[in-house]
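Q: Handing you a structure now.
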2 protein chains.
Amino acid sequence: MKISELINSMGIAAQEAAKTINKASTGQKNDALEAIACEIISQRETLMAENKKDLVNAEKNNIGEALLDRLKFTPARFDSMVEGLRQVAALDDPVGEITNLAFQPSGIQVGKMRVPLGVIGIIYESRPNVTIDAASLSLKSGNATILRGGSEAIHSNKALAKCIQSGLKVAGLPADVVQLVPITDREAVGKLITLKEYVDIIVPRGGDSLIERVSREATIPVIKHLDGICHVYIDEEVDRQMAIDIAFNAKCNRYAVCNAMETLLIAQSQAQIILPELTKLYLSEAVELRGCEKTKKIVAGLNTAVEEDWKTEYVAAILSIKIVENIDEAIEHINRYGSKHTDTIVTDSYKNSIRFLREVDSSSVIVNASTRLADGFEYGLGAEVGISTDKLHARGPVGLEGLTSQRYVVLGTGQVRQ
Amino acid sequence: MKISELINSMGIAAQEAAKTINKASTGQKNDALEAIACEIISQRETLMAENKKDLVNAEKNNIGEALLDRLKFTPARFDSMVEGLRQVAALDDPVGEITNLAFQPSGIQVGKMRVPLGVIGIIYESRPNVTIDAASLSLKSGNATILRGGSEAIHSNKALAKCIQSGLKVAGLPADVVQLVPITDREAVGKLITLKEYVDIIVPRGGDSLIERVSREATIPVIKHLDGICHVYIDEEVDRQMAIDIAFNAKCNRYAVCNAMETLLIAQSQAQIILPELTKLYLSEAVELRGCEKTKKIVAGLNTAVEEDWKTEYVAAILSIKIVENIDEAIEHINRYGSKHTDTIVTDSYKNSIRFLREVDSSSVIVNASTRLADGFEYGLGAEVGISTDKLHARGPVGLEGLTSQRYVVLGTGQVRQ
């Protein structure tokens with residue numbers, strides 16, 4: 001079968017399966033999640049063997065230690081896949097919830113009902129556990145899914161997809177509720193992201209080049225996640241120890257993640273006291289520091305932060321530091337150079353906390369906590385299919401609710417338009 | 001100045017103005033709406049004179065009676081513009097509302113805050129009162145707007161925009177919160193819908209060719225409103241008089257509107273009793289009826305409805321009628337041929353009402369009321385900038401809430417990621 005025909009037929013099957021999963025009961029969806037968890041437990045040997053094939057190929061292709069590590073099934077990762085499925089089963093079902101059903105002057109009652117989006121295409125790289133995350137969230141939110149994983153994980157993903165489809169069948173749901181593209185050709189992605197007739201939304205998860213390609217070529221709406229240029233701003237009135245803890249954690253907890261801090265902003269009045277101690281901590285972790293002119297006067301020997309630094313997502317052990325006059329300059333800087341992802345203020349000022357929440361235009365705006373907490377699990381969403389930096393539909397971590405939309409329902413007793 | 005430079009500079013000004021209107025207080029926004037209302041009242045003579053210029057041009061260009069009528073300022077239309085502004089002022093301010101602020105295991109409190117989208121480009125045709133509707137909703141929802149009206153209304157629109165900008169200044173807000181493209185060149189639209197850097201969303205209001213052009217060429221997200229192929233389904237158990245009233249109103253209240261019924265579906269068991277009386281009513285209004293084979297056996301002399309009829313938005317005094325077995329066939333037909341706009345069931349069955357609400361995938365799903373009630377005013381939104389048939393972001397009538405989105409806010413007390 002030609003690639004375009006294959007993807008097309010998967011689209012048709014997904015749309016057909018969507019009709020069933022769209023109206024499946026909460027109990028039935030939870031049964032399917034539990035059945036998938038049981039499949040993964042019972043098929044552990046097979047899954048390990050298929051994963052081994054990917055690992056052998058990966059080593060042949062020299063994909064590097066970091067990617068190899070992400071690819072590998074370990075006992076802990078099995079546990080976390082099974083745990084993840086059960087957590088999603090334990091979440092409230094968003095589908096069918098009707099809110100704000102209120103009477104209008106004509107006598108009709110108007111409210112909004114939460115409904116699945118339909119068919120979701122999810123395109124991701126390397127880590128095979130995303131197969132389970134993505135499938136479980138789509139299933140619970142009543143959507144059919146077409147998954148397209150990375151080529152280096154194709155054997156692992158196919159084995160996981162088999163478990164998912166067996167679980168669906170055990171629960172009496174169509175196997176096509178979750179389909180995996182069984183081939184690794186790039187052409188399949190191009191076809192999937194233009195399959196307007198059958199796919200309602202595309203969620204890309206991966207590096208910049210994947211997301212840029214999908215954004216450019218897709219003719220279907222995309223929930224996309226671009227750069228995370230996140231800031232911590234240390235305000236004038238502040239608990240200094242808290243400021244140091246948060247600023248240190250936001251950078252050093254993990255470097256290669258989108259919610260790590262890339263630029264530290266600090267109020268002039270606190271810089272002299274906090275920066276010497278804080279920069280010592282960073283240097284003890286071998287973080288490369290790049291400072292503005294004022295910062296360099298306080299901490300000797302730093303590299304200079306240039307204009308380009310304020311616009312850069314390092315995703316590495318590098319941090320730019322800027323001393324600002326006050327919250328006005330901090331907000332101005334964040335809205336100008338940030339990527340609308342996640343930004344934190346550390347402050348003891350009620351007024352400034354309110355201003356920051358209101359005026360910083362990012363998908364997560366945080367008072368007195370680390371940017372690293374911007375995450376589907378930490379937010380109580382159970383899991384996430386991605387973090388959206390778009391302004392329409394869903395912003396921030398996208399969980400079950402982000403995979404649904406609301407439409408109007410009207411209950412009348414015979415009303416007509418006058 | 002070249003057209004592209006003009007639109008570009010309007011984009012820059014809008015983005016700057018957005019920063020102010022985004023954080024303006026509810027009181028200040030309401031003051032601006034009232035000040036605009038007062039301007040319209042006091043500038044009535046000027047507005048009439050400018051409108052006259054458009055009417056004279058329109059007559060010269062033979063635009064036709066219907067369009068001429070939509071273009072014309074009348075005392076009633078002045079009242080309704082002023083009334084509209086005051087109604088929007090009376091609506092709750094959606095901006096800044098924080099919902100579901102709940103503690104998470106780490107101790108952070110996570111909620112969602114409703115925020116403006118930023119800069120909205122609204123492209124519309126003929127009726128100059130849309131200038132006021134669109135400006136008032138954008139303003140109240142904290143957005144800056146670039147309006148692009150139809151060329152035939154350019155003098156009226158420019159005069160209205162002057163009133164709006166005066167009102168904004170009276171309330172101490174930047175005039176650039178609402179800008180009108182002052183030229184009629186088509187090139188201006190092309191530039192506006194690709195002004196990605198400054199414009200966050202495009203709302204087209206008008207005929208199919210406008211909406212298709214905007215959807216095709218825009219590089220900015222579009223809230224679009226395509227066809228309204230709306231259905232009324234008369235179920236097996238039904239209050240017959242109510243069914244007749246609703247089915248008659250849905251077709252005959254107005255023909256050239258998107259929420260008018262285009263296809264009547266009726267359960268086999270009711271067709272014999274209801275159709276003879278109902279079709280007599282339609283024929284008394286000179287509605288052309290096209291029936292399926294079964295319908296033609298009950299009502300003699302009808303035209304035949306062919307496959308194409310089920311897919312057609314007539315927007316005219318034409319109705320297609322199909323007899324279906326039961327609710328299953330009705331839902332199947334609607335989801336297959338409808339346009340996800342507005343669909344009504346008339347029923348006395350609890351079970352079928354629930355099924356219809358849940359399984360019909362349209363932006364408004366109605367039980368026992370006319371499709372004609374799918375409207376921003378009737379839904380209590382105050383007004384609407386359009387009716388969205390998209391599945392992401394906003395579905396159905398788009399009022400204040402549809403011009404905002406929600407982002408996460410996090411309140412911590414020093415939490416870091418473990």
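By convention here, the chains of the structure tokens are called A, B, ... in the order presented, each chain's residues are numbered starting at 1, and ligands are numbered starting at 1 in the order presented.
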For the structure I just gave you, how does DSSP split segment 145-284 of chain A - specifically, which residues are alpha helix (DSSP H)? Reply as number ranges by chain.

A: A: 154-170, 186-192, 208-217, 240-252, 268-284

Q: List the neighbours of Thr131 of chain B out to 10 Å using only C-alpha atoms; skip same-chain residues closer than 3 positions along the sequence, and give me the result as a short mmCIF file (atom, residue, chain, number, x, y, z; two decimals) with C-alpha atoms, in the first residue's frame.

A:
data_model
loop_
_atom_site.label_atom_id
_atom_site.label_comp_id
_atom_site.auth_asym_id
_atom_site.auth_seq_id
_atom_site.Cartn_x
_atom_site.Cartn_y
_atom_site.Cartn_z
CA MET B 81 -25.97 51.00 18.29
CA ILE B 122 -11.92 41.88 12.35
CA ILE B 123 -12.84 41.84 8.67
CA TYR B 124 -16.46 42.40 7.75
CA GLU B 125 -18.80 43.46 4.98
CA ARG B 127 -23.38 46.69 7.64
CA PRO B 128 -21.63 49.60 9.40
CA ALA B 134 -16.98 44.52 17.10
CA ALA B 135 -15.30 47.50 18.75
CA SER B 136 -17.38 47.27 21.92
CA LEU B 147 -11.23 46.83 11.96
CA ARG B 148 -11.53 46.41 8.24
CA GLY B 149 -15.06 47.13 6.99
CA SER B 156 -19.87 55.59 7.56
CA ASN B 157 -17.20 53.40 9.14
CA LYS B 158 -14.63 56.19 9.26
CA LEU B 160 -18.04 55.76 13.49
CA ALA B 161 -14.35 55.05 14.15
CA ILE B 164 -15.04 55.44 19.02
CA VAL B 178 -9.69 50.60 18.11
CA LEU B 180 -10.11 51.27 11.34
#

Q: When you count only C-alpha atoms, which of these residues is closest to chain A: B:Leu67, B:Met48, B:Leu117, B:Val398?

A: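 Looking only at the distances to chain A, the closest residue turns out to be B:Leu117.
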
Q: Out of B:Met242, B:Ala330, B:Ile266, B:Cys252, which residue has the shortest atom-to-atom distance to chain A when counting only C-alpha atoms?

A: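 Between B:Met242, B:Ala330, B:Ile266, B:Cys252, the residue approaching chain A most closely is B:Met242.
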
Q: Quick one: everything within 12 Å of Ile229 of chain B, counting only C-alpha atoms, minus sequence neighbours fewer than 4 positions away in the same chain. Send it as a ChimeraX atom specification.

A: /B:225,250-251,257-264,309-316,319-320,333-344,362-363,371,389

Q: Keeping only C-alpha atoms, take the residues you just selected and write them out as a PDB file, in the first residue's frame.

A:
ATOM      1  CA  HIS B 225     -17.772  30.681  10.508  1.00  0.00           C
ATOM      2  CA  ALA B 250     -36.713  27.590  12.087  1.00  0.00           C
ATOM      3  CA  LYS B 251     -37.332  27.924   8.336  1.00  0.00           C
ATOM      4  CA  VAL B 257     -29.394  33.727   8.034  1.00  0.00           C
ATOM      5  CA  CYS B 258     -26.970  31.005   9.030  1.00  0.00           C
ATOM      6  CA  ASN B 259     -29.129  29.548  11.799  1.00  0.00           C
ATOM      7  CA  ALA B 260     -32.175  28.938   9.597  1.00  0.00           C
ATOM      8  CA  MET B 261     -33.129  25.292   9.065  1.00  0.00           C
ATOM      9  CA  GLU B 262     -32.147  23.860   5.669  1.00  0.00           C
ATOM     10  CA  THR B 263     -33.242  20.245   6.147  1.00  0.00           C
ATOM     11  CA  LEU B 264     -36.194  18.878   8.098  1.00  0.00           C
ATOM     12  CA  ASP B 309     -29.642  18.939  -1.345  1.00  0.00           C
ATOM     13  CA  TRP B 310     -28.530  17.404   1.950  1.00  0.00           C
ATOM     14  CA  LYS B 311     -25.202  19.245   1.624  1.00  0.00           C
ATOM     15  CA  THR B 312     -26.584  22.623   0.615  1.00  0.00           C
ATOM     16  CA  GLU B 313     -27.016  25.799   2.625  1.00  0.00           C
ATOM     17  CA  TYR B 314     -29.864  27.372   0.648  1.00  0.00           C
ATOM     18  CA  VAL B 315     -30.057  30.621   2.665  1.00  0.00           C
ATOM     19  CA  ALA B 316     -33.340  31.018   0.782  1.00  0.00           C
ATOM     20  CA  LEU B 319     -36.358  23.349   2.343  1.00  0.00           C
ATOM     21  CA  SER B 320     -35.371  19.728   1.926  1.00  0.00           C
ATOM     22  CA  HIS B 333     -27.637  12.131   8.774  1.00  0.00           C
ATOM     23  CA  ILE B 334     -26.805  15.297  10.751  1.00  0.00           C
ATOM     24  CA  ASN B 335     -23.224  14.297  11.555  1.00  0.00           C
ATOM     25  CA  ARG B 336     -22.710  13.274   7.946  1.00  0.00           C
ATOM     26  CA  TYR B 337     -24.269  16.172   6.041  1.00  0.00           C
ATOM     27  CA  GLY B 338     -24.475  18.990   8.576  1.00  0.00           C
ATOM     28  CA  SER B 339     -21.933  21.749   9.064  1.00  0.00           C
ATOM     29  CA  LYS B 340     -21.514  21.473  12.854  1.00  0.00           C
ATOM     30  CA  HIS B 341     -23.479  24.714  13.301  1.00  0.00           C
ATOM     31  CA  THR B 342     -26.881  24.318  14.991  1.00  0.00           C
ATOM     32  CA  ASP B 343     -29.279  21.393  15.187  1.00  0.00           C
ATOM     33  CA  THR B 344     -32.553  20.869  17.029  1.00  0.00           C
ATOM     34  CA  SER B 362     -22.493  20.769  16.398  1.00  0.00           C
ATOM     35  CA  SER B 363     -21.597  24.081  18.018  1.00  0.00           C
ATOM     36  CA  THR B 371     -32.491  26.810  15.575  1.00  0.00           C
ATOM     37  CA  THR B 389     -18.006  26.397  13.430  1.00  0.00           C
TER      38      THR B 389
END

Q: Neighbours of segment 99-110 of chain A within 6 Å (only C-alpha atoms; same-chain residues fewer than 2 positions away dropped), as a short mmCIF file (atom, residue, chain, number, x, y, z; two decimals) with N, CA and C atoms, in the first residue's frame?

A:
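See result_23.cif below for the written result:
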data_model
loop_
_atom_site.label_atom_id
_atom_site.label_comp_id
_atom_site.auth_asym_id
_atom_site.auth_seq_id
_atom_site.Cartn_x
_atom_site.Cartn_y
_atom_site.Cartn_z
N LYS A 112 -22.94 25.15 28.54
CA LYS A 112 -21.87 24.63 27.70
C LYS A 112 -21.56 23.19 28.10
N VAL A 409 -25.27 23.89 24.63
CA VAL A 409 -26.47 23.08 24.66
C VAL A 409 -27.62 23.97 25.10
N VAL A 410 -28.77 23.76 24.50
CA VAL A 410 -29.94 24.59 24.77
C VAL A 410 -31.11 23.68 25.11
N LEU A 411 -31.73 23.92 26.26
CA LEU A 411 -32.92 23.16 26.64
C LEU A 411 -34.13 24.08 26.56
N GLY A 412 -35.06 23.75 25.71
CA GLY A 412 -36.23 24.60 25.54
C GLY A 412 -37.51 23.87 25.89
#

Q: From the DSSP assignment of the backbone, select every residue of segment 13-167 of chain B that is strand (DSSP E or B), and format the answer as a list in words.

A: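 In segment 13-167 of chain B, DSSP puts these residues in strand (DSSP E or B): Ile98, Thr99, Asn100, Leu101, Ala102, Phe103, Gln109, Val110, Gly111, Lys112, Met113, Arg114, Val115, Pro116, Val119, Ile120, Gly121, Ile122, Ile123, Tyr124, Ala144, Thr145, Ile146, Leu147 and Arg148 of chain B.
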
Q: Export C-alpha atoms of the chosen residues as a compact mmCIF listing (two decimals), in the first residue's frame?

A:
# COMPACT_ATOMS: atom_id res chain seq x y z
CA ILE B 98 -9.49 33.29 38.36
CA THR B 99 -11.18 29.90 38.59
CA ASN B 100 -10.46 26.56 40.25
CA LEU B 101 -7.58 27.84 42.37
CA ALA B 102 -6.82 24.56 44.13
CA PHE B 103 -3.95 23.30 46.27
CA GLN B 109 -2.17 26.63 44.49
CA VAL B 110 -2.94 26.32 40.76
CA GLY B 111 -5.80 28.04 38.95
CA LYS B 112 -6.70 29.59 35.62
CA MET B 113 -6.97 33.29 34.88
CA ARG B 114 -9.00 34.65 31.99
CA VAL B 115 -6.96 37.08 29.88
CA PRO B 116 -7.42 39.03 26.64
CA VAL B 119 -4.76 42.20 19.11
CA ILE B 120 -7.78 41.14 17.05
CA GLY B 121 -8.25 41.81 13.34
CA ILE B 122 -11.92 41.88 12.35
CA ILE B 123 -12.84 41.84 8.67
CA TYR B 124 -16.46 42.40 7.75
CA ALA B 144 -6.94 46.08 20.83
CA THR B 145 -8.67 45.83 17.46
CA ILE B 146 -7.95 46.57 13.85
CA LEU B 147 -11.23 46.83 11.96
CA ARG B 148 -11.53 46.41 8.24

Q: Kindly give the distance, in Å, that separates atom CA of Ile244 of chain B and atom CA of Ile387 of chain B, rounded to a single decimal.

A: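 According to the coordinates, atom CA of Ile244 of chain B and atom CA of Ile387 of chain B are separated by 26.3 Å.
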
Q: Can you pull out the residues contacting segment 87-93 of chain B? Cut-off 7 Å, using only C-alpha atoms, and skip same-chain residues under 5 positions away; I want them as a VMD selection string.

A: chain B and resid 26 30 33 136 to 137 140 to 141 382

Q: Produce a file of the selected residues containing N, CA and C atoms, as a short mmCIF file (atom, residue, chain, number, x, y, z; two decimals), in the first residue's frame.

A:
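Output saved as part_28.cif:
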data_model
loop_
_atom_site.label_atom_id
_atom_site.label_comp_id
_atom_site.auth_asym_id
_atom_site.auth_seq_id
_atom_site.Cartn_x
_atom_site.Cartn_y
_atom_site.Cartn_z
N THR B 26 -12.27 47.57 34.85
CA THR B 26 -13.62 47.42 34.32
C THR B 26 -14.32 48.78 34.22
N ASN B 30 -15.87 50.52 30.87
CA ASN B 30 -17.29 50.89 30.80
C ASN B 30 -17.46 52.39 30.52
N LEU B 33 -17.07 52.89 26.87
CA LEU B 33 -18.26 52.46 26.12
C LEU B 33 -19.36 53.51 26.20
N SER B 136 -16.97 47.31 20.52
CA SER B 136 -17.38 47.27 21.92
C SER B 136 -16.99 45.95 22.58
N LEU B 137 -17.18 44.83 21.87
CA LEU B 137 -16.82 43.54 22.46
C LEU B 137 -15.31 43.41 22.63
N LYS B 140 -14.26 45.70 25.65
CA LYS B 140 -14.66 45.19 26.96
C LYS B 140 -13.83 43.95 27.34
N SER B 141 -13.44 43.15 26.33
CA SER B 141 -12.65 41.96 26.64
C SER B 141 -11.15 42.27 26.71
N GLY B 382 -24.74 39.20 25.18
CA GLY B 382 -24.77 40.64 24.93
C GLY B 382 -24.70 40.94 23.45
#

Q: Between B:Ala18, B:Ile40, B:Val299, B:Val56, which one has atoms that come closest to chain A, using only C-alpha atoms?

A: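 So, comparing all the options, the nearest one is B:Ala18.
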
Q: Fewer than 2 positions away in the same chain doesn't count, so skip those; otherwise give me all residues within 10 Å of Val214 of chain B, counting only C-alpha atoms, as a list in words.

A: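 The residues that qualify are Ile123, Val189, Gly190, Leu192, Ile193, Thr194, Ile202, Val203, Pro204, Asp208, Ser209, Leu210, Ile211, Glu212, Arg216, Glu217, Ala218, Thr219, Ile220, Val222 and Lys224 of chain B.
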
Q: Could you state the separation of atom CA of Asn253 of chain B and atom CA of Glu236 of chain B in Å, given to one decimal place?

A: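 Atom-to-atom, atom CA of Asn253 of chain B and atom CA of Glu236 of chain B are spaced 24.8 Å apart.
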
Q: What does the distance from atom CA of Phe73 of chain A to atom CA of Asp133 of chain A come to in Å, to one decimal?

A: 14.8 Å

Q: Excluding same-chain residues fewer than 4 positions from Arg417 of chain A, what lies within 7 Å of it counting only C-alpha atoms, as a VMD selection string?

A: chain B and resid 249 370 372 to 373

Q: I need the chosen residues saved as an mmCIF file, in the first residue's frame, with C-alpha atoms.

A:
data_model
loop_
_atom_site.group_PDB
_atom_site.id
_atom_site.type_symbol
_atom_site.label_atom_id
_atom_site.label_comp_id
_atom_site.auth_asym_id
_atom_site.auth_seq_id
_atom_site.Cartn_x
_atom_site.Cartn_y
_atom_site.Cartn_z
ATOM 1 C CA ASN B 249 -40.107 29.141 12.799
ATOM 2 C CA SER B 370 -35.963 26.833 17.192
ATOM 3 C CA ARG B 372 -33.041 30.566 15.121
ATOM 4 C CA LEU B 373 -32.298 31.033 18.846
#
